[in-house]
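The next block is entry_9.cif, given as mmCIF, C-alpha atoms and all ligand atoms.
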data_data
loop_
_atom_site.label_atom_id
_atom_site.label_comp_id
_atom_site.auth_asym_id
_atom_site.auth_seq_id
_atom_site.Cartn_x
_atom_site.Cartn_y
_atom_site.Cartn_z
CA MET H 1 -19.14 -6.13 -18.27
CA LYS H 2 -17.76 -4.87 -14.96
CA LYS H 3 -17.71 -1.11 -14.39
CA VAL H 4 -14.55 0.25 -12.83
CA LEU H 5 -13.79 3.51 -11.02
CA ILE H 6 -10.11 4.38 -10.68
CA LEU H 7 -8.99 6.64 -7.84
CA GLY H 8 -5.51 7.92 -8.68
CA SER H 9 -5.59 7.14 -12.39
CA THR H 10 -2.50 9.19 -13.31
CA GLY H 11 -0.17 7.49 -10.81
CA SER H 12 1.82 4.37 -11.52
CA VAL H 13 -0.87 1.88 -10.36
CA GLY H 14 -3.62 3.90 -12.08
CA GLN H 15 -1.81 3.86 -15.40
CA SER H 16 -1.12 0.13 -15.12
CA THR H 17 -4.80 -0.48 -14.33
CA LEU H 18 -5.77 1.26 -17.55
CA GLU H 19 -3.36 -0.93 -19.50
CA VAL H 20 -4.83 -4.10 -17.98
CA ILE H 21 -8.37 -2.93 -18.68
CA LYS H 22 -7.44 -2.13 -22.26
CA ALA H 23 -6.12 -5.68 -22.67
CA ASN H 24 -9.44 -7.05 -21.32
CA ASN H 25 -11.78 -4.48 -22.85
CA LYS H 26 -14.59 -6.94 -23.45
CA ASP H 27 -14.98 -7.54 -19.73
CA PHE H 28 -14.40 -4.10 -18.21
CA SER H 29 -15.46 -0.53 -18.81
CA ILE H 30 -14.43 2.62 -16.95
CA SER H 31 -17.10 4.68 -15.24
CA GLY H 32 -14.87 7.30 -13.65
CA LEU H 33 -11.33 8.55 -13.19
CA VAL H 34 -10.02 10.58 -10.28
CA ALA H 35 -6.60 12.23 -10.18
CA LYS H 36 -4.92 14.55 -7.71
CA SER H 37 -3.26 17.10 -9.98
CA ASN H 38 -2.05 15.76 -13.33
CA LYS H 39 -4.72 17.47 -15.44
CA LYS H 40 -3.08 16.86 -18.80
CA LEU H 41 -2.76 13.10 -18.35
CA LEU H 42 -6.23 12.82 -16.82
CA LEU H 43 -7.78 14.48 -19.89
CA GLU H 44 -5.78 12.23 -22.20
CA GLN H 45 -6.99 9.14 -20.33
CA ALA H 46 -10.62 10.30 -20.35
CA ASN H 47 -10.40 10.87 -24.06
CA LYS H 48 -8.73 7.56 -24.84
CA PHE H 49 -11.12 5.48 -22.74
CA ASN H 50 -14.19 7.58 -23.40
CA VAL H 51 -14.83 8.30 -19.71
CA LYS H 52 -17.59 10.78 -18.88
CA LYS H 53 -16.97 11.34 -15.18
CA ILE H 54 -13.54 12.67 -14.37
CA CYS H 55 -12.50 14.47 -11.22
CA LEU H 56 -9.42 16.55 -10.51
CA ILE H 57 -8.97 16.92 -6.76
CA ASN H 58 -6.65 19.94 -6.81
CA ASN H 59 -8.73 21.72 -9.40
CA ASP H 60 -8.08 25.44 -9.57
CA SER H 61 -9.63 26.09 -12.95
CA LYS H 62 -13.37 26.70 -13.21
CA ASN H 63 -13.76 24.02 -15.80
CA ASP H 64 -17.05 22.13 -15.97
CA ILE H 65 -15.63 19.07 -17.69
CA PHE H 66 -14.59 17.97 -14.19
CA VAL H 67 -17.08 16.59 -11.69
CA SER H 68 -16.76 17.32 -7.98
CA GLU H 69 -15.60 14.90 -5.31
CA SER H 70 -19.15 14.62 -4.00
CA GLU H 71 -20.33 13.53 -7.45
CA ILE H 72 -17.72 10.79 -7.30
CA GLU H 73 -19.19 9.80 -3.90
CA ASP H 74 -22.61 9.51 -5.56
CA LEU H 75 -21.10 7.51 -8.41
CA ILE H 76 -19.61 5.04 -5.91
CA PHE H 77 -23.05 4.40 -4.40
CA SER H 78 -24.71 4.05 -7.83
CA ASP H 79 -25.01 0.94 -9.99
CA GLN H 80 -22.50 2.52 -12.37
CA VAL H 81 -19.62 1.11 -10.34
CA ASP H 82 -18.83 -2.55 -9.56
CA ILE H 83 -15.14 -2.28 -8.78
CA VAL H 84 -13.14 0.58 -7.25
CA VAL H 85 -9.38 0.70 -7.69
CA ALA H 86 -7.94 2.78 -4.86
CA ALA H 87 -4.49 4.05 -5.76
CA ILE H 88 -4.25 7.49 -4.19
CA SER H 89 -0.99 7.81 -2.29
CA GLY H 90 -1.09 8.24 1.46
CA ILE H 91 -3.97 8.42 3.90
CA ALA H 92 -5.69 10.90 1.54
CA GLY H 93 -7.58 8.03 -0.09
CA LEU H 94 -9.21 6.83 3.14
CA LYS H 95 -12.56 8.57 2.78
CA THR H 96 -13.36 7.22 -0.69
CA ILE H 97 -12.15 3.76 0.27
CA LEU H 98 -14.54 3.78 3.21
CA SER H 99 -17.42 4.90 0.97
CA SER H 100 -16.67 2.14 -1.54
CA ILE H 101 -16.71 -0.40 1.26
CA LYS H 102 -19.96 0.95 2.69
CA ALA H 103 -21.46 0.76 -0.79
CA GLY H 104 -20.59 -2.94 -0.80
CA LYS H 105 -18.35 -2.71 -3.83
CA ARG H 106 -15.29 -4.78 -4.59
CA ILE H 107 -12.31 -2.63 -3.77
CA LEU H 108 -8.74 -3.13 -4.91
CA ILE H 109 -6.46 -1.38 -2.45
CA ALA H 110 -3.02 -0.47 -3.77
CA ASN H 111 -1.82 1.94 -1.12
CA LYS H 112 -1.09 0.64 2.30
CA GLU H 113 -1.55 3.83 4.32
CA PRO H 114 -5.36 3.70 4.68
CA LEU H 115 -5.18 0.07 5.80
CA VAL H 116 -2.38 0.80 8.24
CA ALA H 117 -4.09 3.82 9.72
CA ALA H 118 -7.65 2.52 9.84
CA GLY H 119 -7.52 -1.17 8.98
CA GLN H 120 -9.76 -2.30 11.83
CA ILE H 121 -12.52 0.11 10.74
CA LEU H 122 -12.26 -0.83 7.06
CA MET H 123 -12.42 -4.56 7.78
CA LYS H 124 -15.36 -4.16 10.17
CA GLU H 125 -17.33 -2.15 7.61
CA ALA H 126 -16.50 -4.64 4.85
CA LYS H 127 -17.95 -7.44 6.94
CA LYS H 128 -21.17 -5.47 7.39
CA SER H 129 -21.62 -4.53 3.74
CA ASN H 130 -20.17 -7.70 2.19
CA SER H 131 -17.67 -5.59 0.33
CA GLU H 132 -14.79 -7.56 -1.08
CA ILE H 133 -11.39 -6.07 -0.23
CA ILE H 134 -8.61 -7.34 -2.49
CA PRO H 135 -5.13 -6.04 -1.74
CA ILE H 136 -3.05 -5.31 -4.82
CA ASP H 137 0.09 -4.57 -2.87
CA SER H 138 2.15 -7.43 -4.38
CA GLU H 139 2.93 -9.20 -1.09
CA HIS H 140 -0.62 -9.12 0.23
CA CYS H 141 -2.01 -10.03 -3.14
CA ALA H 142 0.15 -13.19 -3.06
CA ILE H 143 -0.96 -14.00 0.49
CA HIS H 144 -4.61 -13.43 -0.43
CA GLN H 145 -4.20 -15.91 -3.26
CA CYS H 146 -2.45 -18.53 -1.07
CA LEU H 147 -5.01 -18.22 1.73
CA LYS H 148 -7.84 -18.84 -0.75
CA ASN H 149 -6.35 -22.29 -1.23
CA ILE H 150 -6.21 -23.47 2.38
CA GLU H 151 -8.50 -23.82 5.36
CA ARG H 152 -7.88 -21.03 7.80
CA GLU H 153 -7.28 -23.42 10.74
CA ASP H 154 -4.39 -24.96 8.80
CA LEU H 155 -2.37 -21.76 8.71
CA ASN H 156 0.87 -21.54 10.72
CA ARG H 157 2.18 -18.17 9.57
CA ILE H 158 2.69 -15.92 6.62
CA ILE H 159 6.11 -14.89 5.34
CA ILE H 160 6.27 -11.49 3.69
CA THR H 161 9.14 -11.13 1.24
CA CYS H 162 11.17 -7.95 1.05
CA SER H 163 13.54 -6.99 -1.78
CA GLY H 164 15.82 -5.27 0.72
CA GLY H 165 15.64 -2.03 -1.24
CA PRO H 166 18.59 -0.16 -2.75
CA PHE H 167 20.80 -0.40 0.35
CA LEU H 168 20.97 -4.15 0.75
CA ARG H 169 24.61 -5.31 0.59
CA LYS H 170 25.84 -1.74 0.78
CA LYS H 171 27.49 -1.28 4.10
CA ILE H 172 25.98 1.94 5.24
CA THR H 173 27.92 3.59 8.00
CA ASN H 174 26.05 6.83 7.89
CA PHE H 175 22.30 7.02 7.20
CA ASN H 176 22.39 10.76 6.88
CA LYS H 177 24.62 10.54 3.79
CA ILE H 178 21.77 8.91 1.83
CA THR H 179 20.40 11.26 -0.82
CA VAL H 180 16.91 11.32 -2.34
CA GLU H 181 18.46 10.09 -5.57
CA ASP H 182 20.08 7.09 -3.82
CA ALA H 183 16.79 6.23 -2.15
CA LEU H 184 14.78 6.44 -5.37
CA ASN H 185 17.05 3.98 -7.09
CA HIS H 186 15.10 0.74 -6.51
CA PRO H 187 16.71 -2.36 -8.00
CA VAL H 188 13.55 -4.27 -8.96
CA TRP H 189 10.18 -2.53 -8.70
CA LYS H 190 8.79 0.41 -10.60
CA MET H 191 6.58 2.48 -8.29
CA GLY H 192 5.60 5.92 -7.00
CA THR H 193 7.97 8.20 -5.05
CA LYS H 194 6.47 7.66 -1.57
CA ASN H 195 6.66 3.91 -2.05
CA LEU H 196 10.25 4.08 -3.27
CA ILE H 197 11.43 6.01 -0.22
CA ASP H 198 9.52 3.60 2.04
CA SER H 199 11.26 0.69 0.31
CA ALA H 200 14.64 2.29 0.90
CA SER H 201 13.93 2.82 4.61
CA LEU H 202 12.14 -0.56 4.92
CA MET H 203 9.21 1.38 6.37
CA ASN H 204 7.43 -0.21 3.45
CA LYS H 205 7.74 -3.60 5.21
CA ALA H 206 6.78 -2.08 8.53
CA LEU H 207 3.56 -0.79 6.96
CA GLU H 208 3.02 -4.15 5.26
CA ILE H 209 3.21 -6.05 8.57
CA ILE H 210 0.42 -3.88 9.95
CA GLU H 211 -1.50 -4.07 6.67
CA ALA H 212 -1.32 -7.90 6.81
CA LYS H 213 -2.51 -7.93 10.40
CA TRP H 214 -5.76 -6.19 9.48
CA LEU H 215 -6.34 -7.75 6.10
CA PHE H 216 -5.90 -11.33 7.24
CA ASP H 217 -6.73 -11.01 10.94
CA LEU H 218 -3.34 -12.25 12.18
CA LYS H 219 -1.31 -11.91 15.33
CA SER H 220 2.04 -10.14 15.08
CA GLU H 221 3.87 -13.42 15.75
CA GLN H 222 2.15 -15.05 12.76
CA ILE H 223 3.75 -12.50 10.42
CA ASP H 224 7.37 -13.03 9.42
CA VAL H 225 9.49 -11.01 7.02
CA ILE H 226 12.36 -12.36 4.94
CA ILE H 227 14.65 -10.62 2.47
CA HIS H 228 14.41 -12.00 -1.03
CA PRO H 229 16.39 -9.69 -3.31
CA GLN H 230 15.10 -11.06 -6.63
CA SER H 231 11.42 -10.30 -5.85
CA ILE H 232 10.23 -13.37 -7.75
CA ILE H 233 8.43 -14.95 -4.80
CA HIS H 234 5.90 -12.37 -3.68
CA SER H 235 5.23 -13.80 -0.22
CA MET H 236 4.39 -17.16 1.28
CA VAL H 237 2.02 -19.00 3.53
CA GLU H 238 3.16 -21.82 5.80
CA THR H 239 0.60 -24.45 6.75
CA LYS H 240 0.29 -26.85 9.68
CA ASP H 241 2.14 -29.64 7.86
CA ASN H 242 5.12 -27.26 7.33
CA SER H 243 4.64 -26.93 3.61
CA ILE H 244 4.87 -23.51 2.04
CA LEU H 245 2.62 -22.05 -0.63
CA SER H 246 3.83 -19.10 -2.65
CA VAL H 247 3.05 -16.98 -5.66
CA MET H 248 5.87 -16.50 -8.14
CA SER H 249 5.94 -14.13 -11.09
CA GLU H 250 7.84 -11.31 -12.70
CA PRO H 251 7.81 -8.32 -10.35
CA ASP H 252 5.05 -6.49 -12.21
CA MET H 253 2.13 -4.69 -10.56
CA LYS H 254 -0.08 -5.48 -13.54
CA ILE H 255 -0.32 -9.09 -12.34
CA CYS H 256 -1.78 -7.96 -9.00
CA ILE H 257 -4.17 -5.57 -10.72
CA ALA H 258 -5.35 -8.33 -13.07
CA TYR H 259 -5.76 -10.65 -10.07
CA GLY H 260 -7.99 -8.16 -8.28
CA LEU H 261 -10.05 -7.22 -11.33
CA GLY H 262 -10.59 -10.78 -12.48
CA PHE H 263 -10.90 -12.59 -9.12
CA PRO H 264 -11.70 -15.47 -8.83
CA ARG H 265 -10.99 -15.93 -12.54
CA LYS H 266 -7.70 -15.16 -14.26
CA ILE H 267 -7.48 -12.46 -16.93
CA LYS H 268 -4.71 -11.11 -19.18
CA SER H 269 -2.10 -9.13 -17.22
CA LEU H 270 0.29 -8.15 -20.03
CA SER H 271 3.17 -9.29 -17.84
CA LYS H 272 5.76 -11.51 -19.48
CA PRO H 273 5.86 -15.16 -18.40
CA LEU H 274 8.34 -15.93 -15.64
CA SER H 275 11.44 -17.65 -16.94
CA LEU H 276 12.72 -19.98 -14.24
CA ILE H 277 15.92 -20.51 -16.22
CA GLU H 278 16.67 -16.79 -16.32
CA ASN H 279 15.76 -16.56 -12.65
CA ASN H 280 17.58 -19.64 -11.46
CA LEU H 281 18.93 -18.03 -8.31
CA LEU H 282 16.46 -17.26 -5.54
CA GLU H 283 18.06 -16.02 -2.33
CA PHE H 284 16.69 -15.59 1.16
CA ILE H 285 18.39 -13.48 3.80
CA ASN H 286 17.53 -12.82 7.41
CA ILE H 287 15.85 -9.43 7.79
CA ASP H 288 18.11 -8.69 10.79
CA GLN H 289 20.94 -8.21 8.31
CA ILE H 290 19.60 -4.75 7.61
CA ASP H 291 20.25 -2.31 10.33
CA PHE H 292 17.11 -0.22 10.03
CA PRO H 293 14.69 0.13 12.97
CA SER H 294 11.60 -0.04 10.73
CA ILE H 295 10.40 -3.57 11.51
CA LYS H 296 10.71 -2.90 15.23
CA PHE H 297 8.52 0.18 14.84
CA ALA H 298 5.80 -1.99 13.30
CA ARG H 299 6.03 -4.61 16.05
CA ASP H 300 5.91 -1.90 18.72
CA ALA H 301 2.90 -0.29 17.06
CA LEU H 302 1.07 -3.62 17.03
CA ILE H 303 1.94 -4.29 20.67
CA SER H 304 0.66 -0.84 21.69
CA GLY H 305 -2.33 -1.31 19.39
CA GLY H 306 -5.14 1.23 19.27
CA LEU H 307 -4.03 4.42 17.57
CA MET H 308 -0.33 3.59 17.35
CA PRO H 309 -0.39 2.22 13.76
CA THR H 310 -2.12 5.47 12.71
CA VAL H 311 0.58 7.47 14.50
CA LEU H 312 3.40 5.48 12.91
CA ASN H 313 1.91 6.01 9.48
CA ALA H 314 1.36 9.75 9.95
CA ALA H 315 4.90 10.37 11.23
CA ASN H 316 6.32 8.41 8.32
CA GLU H 317 4.22 10.26 5.73
CA ILE H 318 5.38 13.64 7.01
CA ALA H 319 9.03 12.61 7.33
CA VAL H 320 9.11 11.10 3.83
CA LYS H 321 7.60 14.24 2.36
CA LYS H 322 10.24 16.38 4.09
CA PHE H 323 13.01 14.05 2.92
CA ILE H 324 11.82 14.18 -0.69
CA ASN H 325 11.82 17.98 -0.48
CA ASN H 326 15.42 17.85 0.77
CA GLU H 327 14.38 19.43 4.04
CA ILE H 328 15.66 16.62 6.26
CA LYS H 329 18.32 13.90 6.14
CA PHE H 330 17.40 10.23 5.68
CA ASP H 331 18.05 9.21 9.29
CA LEU H 332 15.60 11.81 10.51
CA ILE H 333 12.79 9.70 9.02
CA PHE H 334 13.52 7.16 11.76
CA ASP H 335 14.08 9.77 14.46
CA THR H 336 10.77 11.44 13.68
CA ILE H 337 8.80 8.18 13.83
CA LYS H 338 10.51 7.15 17.07
CA HIS H 339 9.94 10.51 18.70
CA VAL H 340 6.29 10.79 17.70
CA MET H 341 5.49 7.20 18.71
CA GLU H 342 7.10 7.72 22.12
CA LYS H 343 5.25 10.97 22.61
CA PHE H 344 1.96 9.26 21.83
CA ASP H 345 2.73 6.22 23.93
CA LYS H 346 2.79 8.42 27.02
CA GLU H 347 -0.63 9.75 26.20
CA ASN H 348 -1.63 6.18 25.53
CA SER H 349 -3.77 4.98 22.69
CA LYS H 350 -7.32 3.74 22.67
CA ILE H 351 -7.96 0.01 22.50
CA ASP H 352 -10.67 0.11 19.86
CA PRO H 353 -10.65 3.56 18.28
CA SER H 354 -13.45 5.05 16.23
CA LEU H 355 -12.86 6.62 12.83
CA GLU H 356 -13.06 10.09 14.39
CA GLN H 357 -10.37 9.17 16.91
CA ILE H 358 -8.21 7.77 14.14
CA LEU H 359 -8.52 10.92 12.04
CA GLU H 360 -7.81 13.05 15.08
CA ALA H 361 -4.71 11.01 15.98
CA ASN H 362 -3.59 11.25 12.38
CA GLU H 363 -3.77 15.07 12.45
CA LYS H 364 -2.12 15.27 15.85
CA ALA H 365 0.74 12.95 14.87
CA ARG H 366 1.32 15.00 11.74
CA LEU H 367 1.55 18.14 13.80
CA PHE H 368 3.94 16.48 16.29
CA SER H 369 6.09 15.35 13.38
CA LEU H 370 6.20 18.81 11.81
CA ASN H 371 7.05 20.41 15.14
CA TYR H 372 9.77 17.87 15.84
CA ILE H 373 11.33 18.41 12.41
CA LYS H 374 11.13 22.19 12.80
CA LYS H 375 13.05 22.02 16.08
CA ILE H 376 15.92 20.00 14.61
MG MG N 401 4.51 -4.24 -1.37
#

The structure in this file should be written as structure tokens.
Amino acid sequence: MKKVLILGSTGSVGQSTLEVIKANNKDFSISGLVAKSNKKLLLEQANKFNVKKICLINNDSKNDIFVSESEIEDLIFSDQVDIVVAAISGIAGLKTILSSIKAGKRILIANKEPLVAAGQILMKEAKKSNSEIIPIDSEHCAIHQCLKNIEREDLNRIIITCSGGPFLRKKITNFNKITVEDALNHPVWKMGTKNLIDSASLMNKALEIIEAKWLFDLKSEQIDVIIHPQSIIHSMVETKDNSILSVMSEPDMKICIAYGLGFPRKIKSLSKPLSLIENNLLEFINIDQIDFPSIKFARDALISGGLMPTVLNAANEIAVKKFINNEIKFDLIFDTIKHVMEKFDKENSKIDPSLEQILEANEKARLFSLNYIKKI
């Protein structure tokens, strides 16, 4: 029986994780649940799965049914946890992810921000502690699976697939006409708000390029992106002989969660089988067809290296938040990232930053972003 701690249990990945665990309840138990603010759902989950340790991060009530964040830290380092599922949106989850890695646990990482901002540190620590990092972002999960089946020297490149988001095939003449509602209207995937906006701006793919770089130790030129609107192929790996391996399935996060929980074995995912007849059209379109600057931002950040991925991520997080709150127009997401990256470039970024430097750059870039938006 594997003991699982879920960070972000009330979000979309957290809820799906509970469903997968329920379907495999002979093999997994839940040792703790952490949520940001959805108290009602957290209590329901604790009750349903008989979980003793639950933590509400934004806890204003003096209620002793909740444990503190430091008790969750202790839990991570105890033998009461084998697997940590990290699904807290944004860079907020970084600290607990780092603890889980230092504790040598298997960690399933759903949110890309911590890997983008501090990927080099997380991977270095994982090597030291023998912690197993399994990405459950669908693209990286597919690549992880493909890479397990080849010798590393035989790899040519990886190809990350991209649904294209809600604005593919819509000729957009004016980015600033895009509303929050338009952007949240994703054609294929069900996911959290931050992720949906990132998918609409393609910043999602920008973050995924950087995420892949750290996770799989690749050079920027070994990472390609292709638009595949049906989201049936979840990414690919090209080998030396020019054959391509891929993972195909229904676009359903539960498959990735089941992959990470069960690895290297396969467990029930509750996803329906993929019908090739119903999905008999698989298209691939050049990413250049979409006129967003996102992919270029990622490439630039990787060329600059050092703190620039952290800066890109911070600027994007702030801009997305402001867009969701209707405080800025859609195109200002791009303007903010561009401005903040340029501002940082001048100050130059460190080649091999420490965690402290990363956290500092994160705070600074957030401040720059807020100031820039305020001035507009
Ligand atoms: Mg993804």

Within 12 Å of ligand MG 401 (chain N), which residues show up when you count all atoms listed in the file? List them as a ChimeraX atom specification, please.
/H:109-113,135-143,160-165,188-192,195-196,198-199,202-209,211-212,225,231,233-235,251-253,256

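Coordinates place atom CA of Thr17 of chain H at a distance of 6.3 Å from atom CA of Ile257 of chain H.
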
Any chance you could work out the axis-aligned box around segment 143-160 of chain H, listed atoms only, 6 Å on each side, giving centre and edge lengths in Å to one decimal, as lines of an AutoDock Vina configuration file?
center_x = -1.1
center_y = -18.2
center_z = 3.7
size_x = 26.8
size_y = 25.5
size_z = 26.0

At a cut-off of 12 Å, can you tabulate as a tab-separated table every residue of segment 55-158 of chain H near segment 26-46 of chain H together with its closest atom pair and the distance in Å to one decimal, using all atoms listed in the file and ordering rows by chain then number?
residue	atom	partner	partner_atom	distance
H:Cys55	CA	H:Val34	CA	4.7
H:Leu56	CA	H:Ala35	CA	5.2
H:Ile57	CA	H:Lys36	CA	4.8
H:Asn58	CA	H:Ser37	CA	5.4
H:Asn59	CA	H:Ser37	CA	7.2
H:Asp60	CA	H:Ser37	CA	9.6
H:Ser61	CA	H:Lys39	CA	10.2
H:Asn63	CA	H:Lys39	CA	11.2
H:Ile65	CA	H:Leu43	CA	9.4
H:Phe66	CA	H:Val34	CA	9.5
H:Val67	CA	H:Val34	CA	9.4
H:Ser68	CA	H:Val34	CA	9.8
H:Glu69	CA	H:Val34	CA	8.6
H:Ser70	CA	H:Val34	CA	11.8
H:Glu71	CA	H:Gly32	CA	10.3
H:Ile72	CA	H:Gly32	CA	7.8
H:Glu73	CA	H:Gly32	CA	11.0
H:Asp74	CA	H:Gly32	CA	11.4
H:Leu75	CA	H:Gly32	CA	8.1
H:Ile76	CA	H:Gly32	CA	9.4
H:Ser78	CA	H:Ser31	CA	10.6
H:Asp79	CA	H:Ser31	CA	10.2
H:Gln80	CA	H:Ser31	CA	6.5
H:Val81	CA	H:Ser31	CA	6.6
H:Asp82	CA	H:Ser31	CA	9.4
H:Ile83	CA	H:Ile30	CA	9.6
H:Val84	CA	H:Gly32	CA	9.4
H:Val85	CA	H:Leu33	CA	9.8
H:Ala86	CA	H:Val34	CA	9.7
H:Ala87	CA	H:Ala35	CA	9.5
H:Ile88	CA	H:Lys36	CA	7.9
H:Ser89	CA	H:Lys36	CA	9.5
H:Gly90	CA	H:Lys36	CA	11.8
H:Ala92	CA	H:Lys36	CA	10.0
H:Gly93	CA	H:Lys36	CA	10.4
H:Thr96	CA	H:Val34	CA	10.7

Using only C-alpha atoms, determine which residues lie at most 12 Å from Leu245 of chain H, disregarding the query and same-chain residues fewer than 2 positions distant; provide the list as a count of residues only.
28

Of the listed residues H:Lys124, H:Lys22, H:Arg169, H:Lys52, that which approaches Ile267 of chain H most closely, counting only C-alpha atoms:
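Checking each of H:Lys124, H:Lys22, H:Arg169, H:Lys52 against Ile267 of chain H, counting only C-alpha atoms, the winner is H:Lys22.
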
Quick one: distance from atom CA of Ile328 of chain H to atom CA of Phe344 of chain H in Å, one decimal?
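Going from atom CA of Ile328 of chain H over to atom CA of Phe344 of chain H covers 22.0 Å.
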
Do you have the atom CA of Ala319 of chain H-atom CA of Ile333 of chain H distance handy?
5.0 Å

Interface rows for segment 63-135 of chain H against segment 295-307 of chain H: nearest pair, Å to one decimal, 12 Å, all atoms listed in the file, as JSON lines:
{"residue": "H:Val116", "atom": "CA", "partner": "H:Ala298", "partner_atom": "CA", "distance": 10.0}
{"residue": "H:Ala117", "atom": "CA", "partner": "H:Leu307", "partner_atom": "CA", "distance": 7.9}
{"residue": "H:Ala118", "atom": "CA", "partner": "H:Leu307", "partner_atom": "CA", "distance": 8.7}
{"residue": "H:Gly119", "atom": "CA", "partner": "H:Leu307", "partner_atom": "CA", "distance": 10.8}
{"residue": "H:Gln120", "atom": "CA", "partner": "H:Gly306", "partner_atom": "CA", "distance": 9.4}
{"residue": "H:Ile121", "atom": "CA", "partner": "H:Gly306", "partner_atom": "CA", "distance": 11.3}

Which residue out of H:Ser269, H:Glu153, H:Glu250, H:Lys321 has the minimum interatomic distance to Leu218 of chain H when all atoms listed in the file are used?
H:Glu153

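Restricting the calculation to only C-alpha atoms, the smallest distance between Ile178 of chain H and any of H:Ala200, H:Ser12, H:Glu356, H:Glu19 is found for H:Ala200.
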
Given the point (-10.3, -10.7, 6.1) in the file's coordinates, find the residues that have an atom at most 10 Å from it, counting all atoms listed in the file, and give them as number ranges by chain.
H: 123-124, 126-127, 132-134, 144, 212-218

Take the residues just selected and output them with C-alpha atoms as a PDB file, in the coordinates of the input.
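Just written: part16.pdb:
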ATOM      1  CA  MET H 123     -12.420  -4.560   7.780  1.00  0.00           C
ATOM      2  CA  LYS H 124     -15.360  -4.160  10.170  1.00  0.00           C
ATOM      3  CA  ALA H 126     -16.500  -4.640   4.850  1.00  0.00           C
ATOM      4  CA  LYS H 127     -17.950  -7.440   6.940  1.00  0.00           C
ATOM      5  CA  GLU H 132     -14.790  -7.560  -1.080  1.00  0.00           C
ATOM      6  CA  ILE H 133     -11.390  -6.070  -0.230  1.00  0.00           C
ATOM      7  CA  ILE H 134      -8.610  -7.340  -2.490  1.00  0.00           C
ATOM      8  CA  HIS H 144      -4.610 -13.430  -0.430  1.00  0.00           C
ATOM      9  CA  ALA H 212      -1.320  -7.900   6.810  1.00  0.00           C
ATOM     10  CA  LYS H 213      -2.510  -7.930  10.400  1.00  0.00           C
ATOM     11  CA  TRP H 214      -5.760  -6.190   9.480  1.00  0.00           C
ATOM     12  CA  LEU H 215      -6.340  -7.750   6.100  1.00  0.00           C
ATOM     13  CA  PHE H 216      -5.900 -11.330   7.240  1.00  0.00           C
ATOM     14  CA  ASP H 217      -6.730 -11.010  10.940  1.00  0.00           C
ATOM     15  CA  LEU H 218      -3.340 -12.250  12.180  1.00  0.00           C
TER      16      LEU H 218
END

For segment 277-284 of chain H, find every residue with an atom within 6 Å (counting only C-alpha atoms), except residues of its own chain fewer than 2 positions away, and show them as number ranges by chain.
H: 227-228, 275

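For the set H:Val180, H:Leu261, H:Leu274, H:Leu370, the residue with the smallest atom-to-atom gap to Lys3 of chain H is H:Leu261, counting only C-alpha atoms.
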
Contacts of segment 309-317 of chain H at 6 Å (all atoms listed in the file; same-chain gap of 3+ positions) as a list of chain:residue names:
H:Ala117, H:Ala301, H:Val320, H:Ile337, H:Asn362, H:Ala365, H:Arg366, H:Ser369

Top pick for closest residue to Asn185 of chain H, considering H:Ile197, H:Ile255, H:Ser100, H:Asp154 and counting all atoms listed in the file:
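Looking only at the distances to Asn185 of chain H, the closest residue turns out to be H:Ile197.
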
Given the choices H:Leu94, H:Val51, H:Ile373, H:Leu359, which gets closest to Asp331 of chain H if the distance is worked out from all atoms listed in the file?
H:Ile373
